[in-house]
Amino acid sequence: MIKVLLADDHAIVRRGLIAVLNAEADLEVVGDAATPQEAVLLARSTSPDVVLLDLQFGVGQERGTDVVPALRAVASQPSVLVLTTYDNDQDVIAAMDAGAAGYLLKDSPAEELAAAVRRAHGGAETVDARISQRLRRRDERTALSARELEVLSAVAEGRTNAQVATDLFLSQATVKTHLVHIFDELGVTRRTEAVARARAEGILRPE
């Protein structure tokens with residue numbers, strides 16, 4: 001039996017997921033949490049094999065990716081699957097870099113979700129096919145590095161070059177070099193245009 005913990009701030013979503021997963025003979029929901037902090041506490045007490053984790057919780061709450069390391073660190077060392085409505089490169093990369101075993105969209109069919117839980121429990125990485133296809137298309141036309149994505153994300157938050165340099169432990173000259181490459185790859189000439197293009201193409205999360 002694969003033990004699953006759910007973390008989502010919407011009770012109706014949790015109830016739906018419980019019904020879907022408990023209908024599978026080899027899956028058992030051992031707990032459901034409404035906040036990232038509660039998810040970590042429940043993981044410590046229920047020892048799940050897999051955690052299904054929402055990305056965006058209520059105002060003032062941490063993002064799901066912020067607690068992935070803490071979830072992975074509990075005694076049972078569960079695999080973490082992000083289950084969200086957010087379909088953009090920034091969130092996908094952040095989740096996988098944090099240690100998530102997969103990234104799925106909430107409109108995935110029930111059988112696909114159950115299969116993803118089984119794959120995660122078996123140690124396999126799972127990314128929604130629609131996201132994988134978009135990432136491949138992006139790689140063909142836009143090759144931003146992980147660091148350039150960090151720089152662009154900071155710019156989208158309104159950070160100046162000096163602030164970006166401080167936040168990312170870079171020199172301002174390096175930040176400018178990254179921005180030149182970002183502008184070139186996106187076919188723009190200004191910071192605002194770069195952010196708008198990146199959001200339109202699903203590279204950055206929407207406002």
# chains A, B, ... in the order shown; residues from 1 in each chain; ligands from 1

call {"tool": "select_by_dssp", "arguments": {"residues": "segment 58-166 of chain A", "states": "strand (DSSP E)", "output": "list in words"}}
result
Ser79, Val80, Leu81, Val82, Leu83, Thr84, Gly102, Tyr103, Leu104, Leu105, Thr126 and Val127 of chain A

call {"tool": "residues_around", "arguments": {"residues": "Thr126 of chain A", "least_positions_apart": "3", "cutoff": "12 Å", "atoms": "only C-alpha atoms", "output": "ChimeraX atom specification"}}
result
/A:79-83,92,95-96,100-105,112-123,129-132

call {"tool": "select_by_dssp", "arguments": {"residues": "segment 4-204 of chain A", "states": "alpha helix (DSSP H)", "output": "MDAnalysis selection string"}}
result
chainID A and resid 11:22 36:46 68:72 89:98 110:121 129:141 146:156 161:168 172:186 191:200

call {"tool": "residues_around", "arguments": {"residues": "segment 14-27 of chain A", "least_positions_apart": "4", "cutoff": "8 Å", "atoms": "only C-alpha atoms", "output": "MDAnalysis selection string"}}
result
chainID A and resid 1:4 6:8 10 32 110 114

call {"tool": "atom_distance", "arguments": {"atom1": "atom CA of Glu207 of chain A", "atom2": "atom CA of Ala156 of chain A"}}
result
9.0 Å

call {"tool": "residues_around", "arguments": {"residues": "Leu152 of chain A", "least_positions_apart": "4", "cutoff": "9 Å", "atoms": "only C-alpha atoms", "output": "JSON, numbers by chain"}}
result
{"A": [147, 148, 156, 157, 178, 179, 182, 191, 194, 195, 198, 204]}

call {"tool": "write_last_selection", "arguments": {"atoms": "N, CA and C atoms", "output": "mmCIF file, in the first residue's frame"}}
result
data_model
loop_
_atom_site.group_PDB
_atom_site.id
_atom_site.type_symbol
_atom_site.label_atom_id
_atom_site.label_comp_id
_atom_site.auth_asym_id
_atom_site.auth_seq_id
_atom_site.Cartn_x
_atom_site.Cartn_y
_atom_site.Cartn_z
ATOM 1 N N ARG A 147 20.339 30.486 -14.304
ATOM 2 C CA ARG A 147 20.745 31.765 -13.701
ATOM 3 C C ARG A 147 20.055 32.931 -14.390
ATOM 4 N N GLU A 148 19.954 32.881 -15.714
ATOM 5 C CA GLU A 148 19.268 33.953 -16.439
ATOM 6 C C GLU A 148 17.788 34.007 -16.066
ATOM 7 N N ALA A 156 11.367 40.940 -12.954
ATOM 8 C CA ALA A 156 9.908 40.964 -12.969
ATOM 9 C C ALA A 156 9.330 41.437 -11.637
ATOM 10 N N GLU A 157 10.090 41.251 -10.569
ATOM 11 C CA GLU A 157 9.663 41.701 -9.236
ATOM 12 C C GLU A 157 10.002 43.167 -8.996
ATOM 13 N N HIS A 178 23.976 39.073 -18.345
ATOM 14 C CA HIS A 178 22.829 38.166 -18.398
ATOM 15 C C HIS A 178 21.644 38.836 -19.088
ATOM 16 N N LEU A 179 21.402 40.093 -18.764
ATOM 17 C CA LEU A 179 20.262 40.806 -19.350
ATOM 18 C C LEU A 179 20.435 40.973 -20.859
ATOM 19 N N ILE A 182 19.472 37.717 -22.309
ATOM 20 C CA ILE A 182 18.026 37.540 -22.170
ATOM 21 C C ILE A 182 17.292 38.342 -23.246
ATOM 22 N N ARG A 191 13.728 46.012 -20.363
ATOM 23 C CA ARG A 191 13.375 45.113 -19.262
ATOM 24 C C ARG A 191 11.881 44.795 -19.255
ATOM 25 N N ALA A 194 10.976 42.394 -21.902
ATOM 26 C CA ALA A 194 11.469 41.049 -21.596
ATOM 27 C C ALA A 194 10.519 40.330 -20.647
ATOM 28 N N VAL A 195 10.061 41.031 -19.624
ATOM 29 C CA VAL A 195 9.142 40.435 -18.653
ATOM 30 C C VAL A 195 7.816 40.082 -19.321
ATOM 31 N N ALA A 198 8.291 37.087 -21.629
ATOM 32 C CA ALA A 198 8.499 35.858 -20.856
ATOM 33 C C ALA A 198 7.192 35.360 -20.255
ATOM 34 N N LEU A 204 7.860 32.889 -17.373
ATOM 35 C CA LEU A 204 7.633 33.396 -16.020
ATOM 36 C C LEU A 204 6.170 33.192 -15.643
#

call {"tool": "atom_distance", "arguments": {"atom1": "atom CA of Asp91 of chain A", "atom2": "atom CA of Ala154 of chain A"}}
result
13.7 Å

call {"tool": "residues_around", "arguments": {"residues": "Ala98 of chain A", "least_positions_apart": "2", "cutoff": "9 Å", "atoms": "only C-alpha atoms", "output": "PyMOL selection string"}}
result
chain A and resi 65-69+93-96+100

call {"tool": "write_last_selection", "arguments": {"atoms": "N, CA, C and O atoms", "output": "compact mmCIF listing (two decimals), in the first residue's frame"}}
result
# COMPACT_ATOMS: atom_id res chain seq x y z
N THR A 65 6.85 25.07 -2.98
CA THR A 65 8.25 24.73 -3.22
C THR A 65 9.14 25.04 -2.01
O THR A 65 10.18 24.42 -1.84
N ASP A 66 8.71 25.98 -1.16
CA ASP A 66 9.52 26.36 -0.01
C ASP A 66 9.66 25.22 1.01
O ASP A 66 10.63 25.20 1.78
N VAL A 67 8.69 24.30 1.04
CA VAL A 67 8.73 23.24 2.06
C VAL A 67 9.12 21.88 1.48
O VAL A 67 9.14 20.89 2.21
N VAL A 68 9.42 21.83 0.18
CA VAL A 68 9.82 20.54 -0.40
C VAL A 68 11.03 19.95 0.32
O VAL A 68 11.02 18.76 0.67
N PRO A 69 12.09 20.72 0.59
CA PRO A 69 13.23 20.14 1.30
C PRO A 69 12.84 19.59 2.68
O PRO A 69 13.33 18.52 3.08
N ILE A 93 10.71 24.76 -12.89
CA ILE A 93 12.14 24.67 -12.58
C ILE A 93 12.39 24.82 -11.08
O ILE A 93 13.19 24.10 -10.48
N ALA A 94 11.67 25.77 -10.45
CA ALA A 94 11.83 25.97 -9.00
C ALA A 94 11.44 24.71 -8.23
O ALA A 94 12.11 24.32 -7.27
N ALA A 95 10.34 24.07 -8.65
CA ALA A 95 9.89 22.86 -7.96
C ALA A 95 10.88 21.72 -8.10
O ALA A 95 11.23 21.05 -7.12
N MET A 96 11.37 21.52 -9.31
CA MET A 96 12.31 20.42 -9.54
C MET A 96 13.65 20.69 -8.86
O MET A 96 14.27 19.78 -8.31
N ALA A 100 11.43 18.26 -5.92
CA ALA A 100 10.19 17.58 -6.27
C ALA A 100 10.45 16.47 -7.28
O ALA A 100 11.32 16.59 -8.14

call {"tool": "residues_around", "arguments": {"residues": "Gly58 of chain A", "least_positions_apart": "2", "cutoff": "12 Å", "atoms": "only C-alpha atoms", "output": "list in words"}}
result
Asp8, Asp9, His10, Ala34, Thr35, Pro36, Asp54, Leu55, Gln56, Gly60, Gln61, Glu62, Arg63 and Gly64 of chain A

call {"tool": "closest_residue", "arguments": {"among": "A:Ser153, A:Asp97, A:Ser171, A:Val51", "to": "Arg205 of chain A", "atoms": "only C-alpha atoms"}}
result
A:Ser153

call {"tool": "decode", "arguments": {"residues": "segment 84-112 of chain A", "atoms": "N, CA and C atoms", "output": "mmCIF file, in the first residue's frame"}}
result
data_model
loop_
_atom_site.group_PDB
_atom_site.id
_atom_site.type_symbol
_atom_site.label_atom_id
_atom_site.label_comp_id
_atom_site.auth_asym_id
_atom_site.auth_seq_id
_atom_site.Cartn_x
_atom_site.Cartn_y
_atom_site.Cartn_z
ATOM 1 N N THR A 84 -0.751 21.437 -9.354
ATOM 2 C CA THR A 84 -1.089 22.854 -9.367
ATOM 3 C C THR A 84 -1.791 23.257 -10.663
ATOM 4 N N THR A 85 -2.264 24.494 -10.685
ATOM 5 C CA THR A 85 -2.816 25.076 -11.916
ATOM 6 C C THR A 85 -1.779 25.940 -12.623
ATOM 7 N N TYR A 86 -0.621 26.164 -11.992
ATOM 8 C CA TYR A 86 0.387 27.074 -12.524
ATOM 9 C C TYR A 86 1.266 26.358 -13.547
ATOM 10 N N ASP A 87 1.139 26.794 -14.797
ATOM 11 C CA ASP A 87 1.842 26.157 -15.911
ATOM 12 C C ASP A 87 2.840 27.143 -16.509
ATOM 13 N N ASN A 88 4.019 27.246 -15.882
ATOM 14 C CA ASN A 88 5.058 28.123 -16.411
ATOM 15 C C ASN A 88 6.424 27.573 -16.030
ATOM 16 N N ASP A 89 7.419 27.908 -16.828
ATOM 17 C CA ASP A 89 8.770 27.368 -16.644
ATOM 18 C C ASP A 89 9.345 27.732 -15.279
ATOM 19 N N GLN A 90 9.088 28.958 -14.836
ATOM 20 C CA GLN A 90 9.655 29.434 -13.574
ATOM 21 C C GLN A 90 9.267 28.522 -12.415
ATOM 22 N N ASP A 91 7.983 28.179 -12.325
ATOM 23 C CA ASP A 91 7.519 27.343 -11.223
ATOM 24 C C ASP A 91 7.971 25.897 -11.384
ATOM 25 N N VAL A 92 7.969 25.406 -12.621
ATOM 26 C CA VAL A 92 8.410 24.028 -12.861
ATOM 27 C C VAL A 92 9.867 23.867 -12.441
ATOM 28 N N ILE A 93 10.714 24.758 -12.890
ATOM 29 C CA ILE A 93 12.139 24.668 -12.577
ATOM 30 C C ILE A 93 12.386 24.823 -11.083
ATOM 31 N N ALA A 94 11.671 25.766 -10.446
ATOM 32 C CA ALA A 94 11.827 25.970 -9.000
ATOM 33 C C ALA A 94 11.436 24.713 -8.233
ATOM 34 N N ALA A 95 10.343 24.068 -8.646
ATOM 35 C CA ALA A 95 9.886 22.863 -7.960
ATOM 36 C C ALA A 95 10.885 21.724 -8.102
ATOM 37 N N MET A 96 11.373 21.521 -9.313
ATOM 38 C CA MET A 96 12.311 20.418 -9.536
ATOM 39 C C MET A 96 13.654 20.691 -8.859
ATOM 40 N N ASP A 97 14.077 21.949 -8.882
ATOM 41 C CA ASP A 97 15.332 22.305 -8.203
ATOM 42 C C ASP A 97 15.216 22.109 -6.690
ATOM 43 N N ALA A 98 14.007 22.295 -6.151
ATOM 44 C CA ALA A 98 13.798 22.130 -4.712
ATOM 45 C C ALA A 98 13.786 20.664 -4.299
ATOM 46 N N GLY A 99 13.649 19.771 -5.280
ATOM 47 C CA GLY A 99 13.674 18.344 -4.974
ATOM 48 C C GLY A 99 12.387 17.606 -5.268
ATOM 49 N N ALA A 100 11.432 18.260 -5.924
ATOM 50 C CA ALA A 100 10.186 17.581 -6.269
ATOM 51 C C ALA A 100 10.450 16.468 -7.283
ATOM 52 N N ALA A 101 9.668 15.392 -7.174
ATOM 53 C CA ALA A 101 9.815 14.269 -8.088
ATOM 54 C C ALA A 101 8.961 14.432 -9.328
ATOM 55 N N GLY A 102 8.091 15.438 -9.323
ATOM 56 C CA GLY A 102 7.241 15.623 -10.482
ATOM 57 C C GLY A 102 6.413 16.880 -10.388
ATOM 58 N N TYR A 103 5.770 17.228 -11.504
ATOM 59 C CA TYR A 103 4.989 18.454 -11.611
ATOM 60 C C TYR A 103 3.782 18.149 -12.491
ATOM 61 N N LEU A 104 2.593 18.192 -11.900
ATOM 62 C CA LEU A 104 1.366 17.858 -12.609
ATOM 63 C C LEU A 104 0.378 19.004 -12.529
ATOM 64 N N LEU A 105 -0.513 19.071 -13.510
ATOM 65 C CA LEU A 105 -1.564 20.073 -13.518
ATOM 66 C C LEU A 105 -2.850 19.471 -12.954
ATOM 67 N N LYS A 106 -3.654 20.321 -12.300
ATOM 68 C CA LYS A 106 -4.820 19.823 -11.583
ATOM 69 C C LYS A 106 -5.922 19.279 -12.483
ATOM 70 N N ASP A 107 -5.863 19.590 -13.769
ATOM 71 C CA ASP A 107 -6.878 19.040 -14.661
ATOM 72 C C ASP A 107 -6.450 17.700 -15.262
ATOM 73 N N SER A 108 -5.393 17.105 -14.700
ATOM 74 C CA SER A 108 -4.951 15.793 -15.172
ATOM 75 C C SER A 108 -6.021 14.743 -14.878
ATOM 76 N N PRO A 109 -6.223 13.774 -15.763
ATOM 77 C CA PRO A 109 -7.187 12.693 -15.510
ATOM 78 C C PRO A 109 -6.824 11.910 -14.250
ATOM 79 N N ALA A 110 -7.837 11.350 -13.604
ATOM 80 C CA ALA A 110 -7.626 10.619 -12.351
ATOM 81 C C ALA A 110 -6.625 9.486 -12.523
ATOM 82 N N GLU A 111 -6.732 8.760 -13.640
ATOM 83 C CA GLU A 111 -5.832 7.620 -13.847
ATOM 84 C C GLU A 111 -4.385 8.079 -14.033
ATOM 85 N N GLU A 112 -4.205 9.260 -14.631
ATOM 86 C CA GLU A 112 -2.856 9.801 -14.811
ATOM 87 C C GLU A 112 -2.259 10.214 -13.475
#
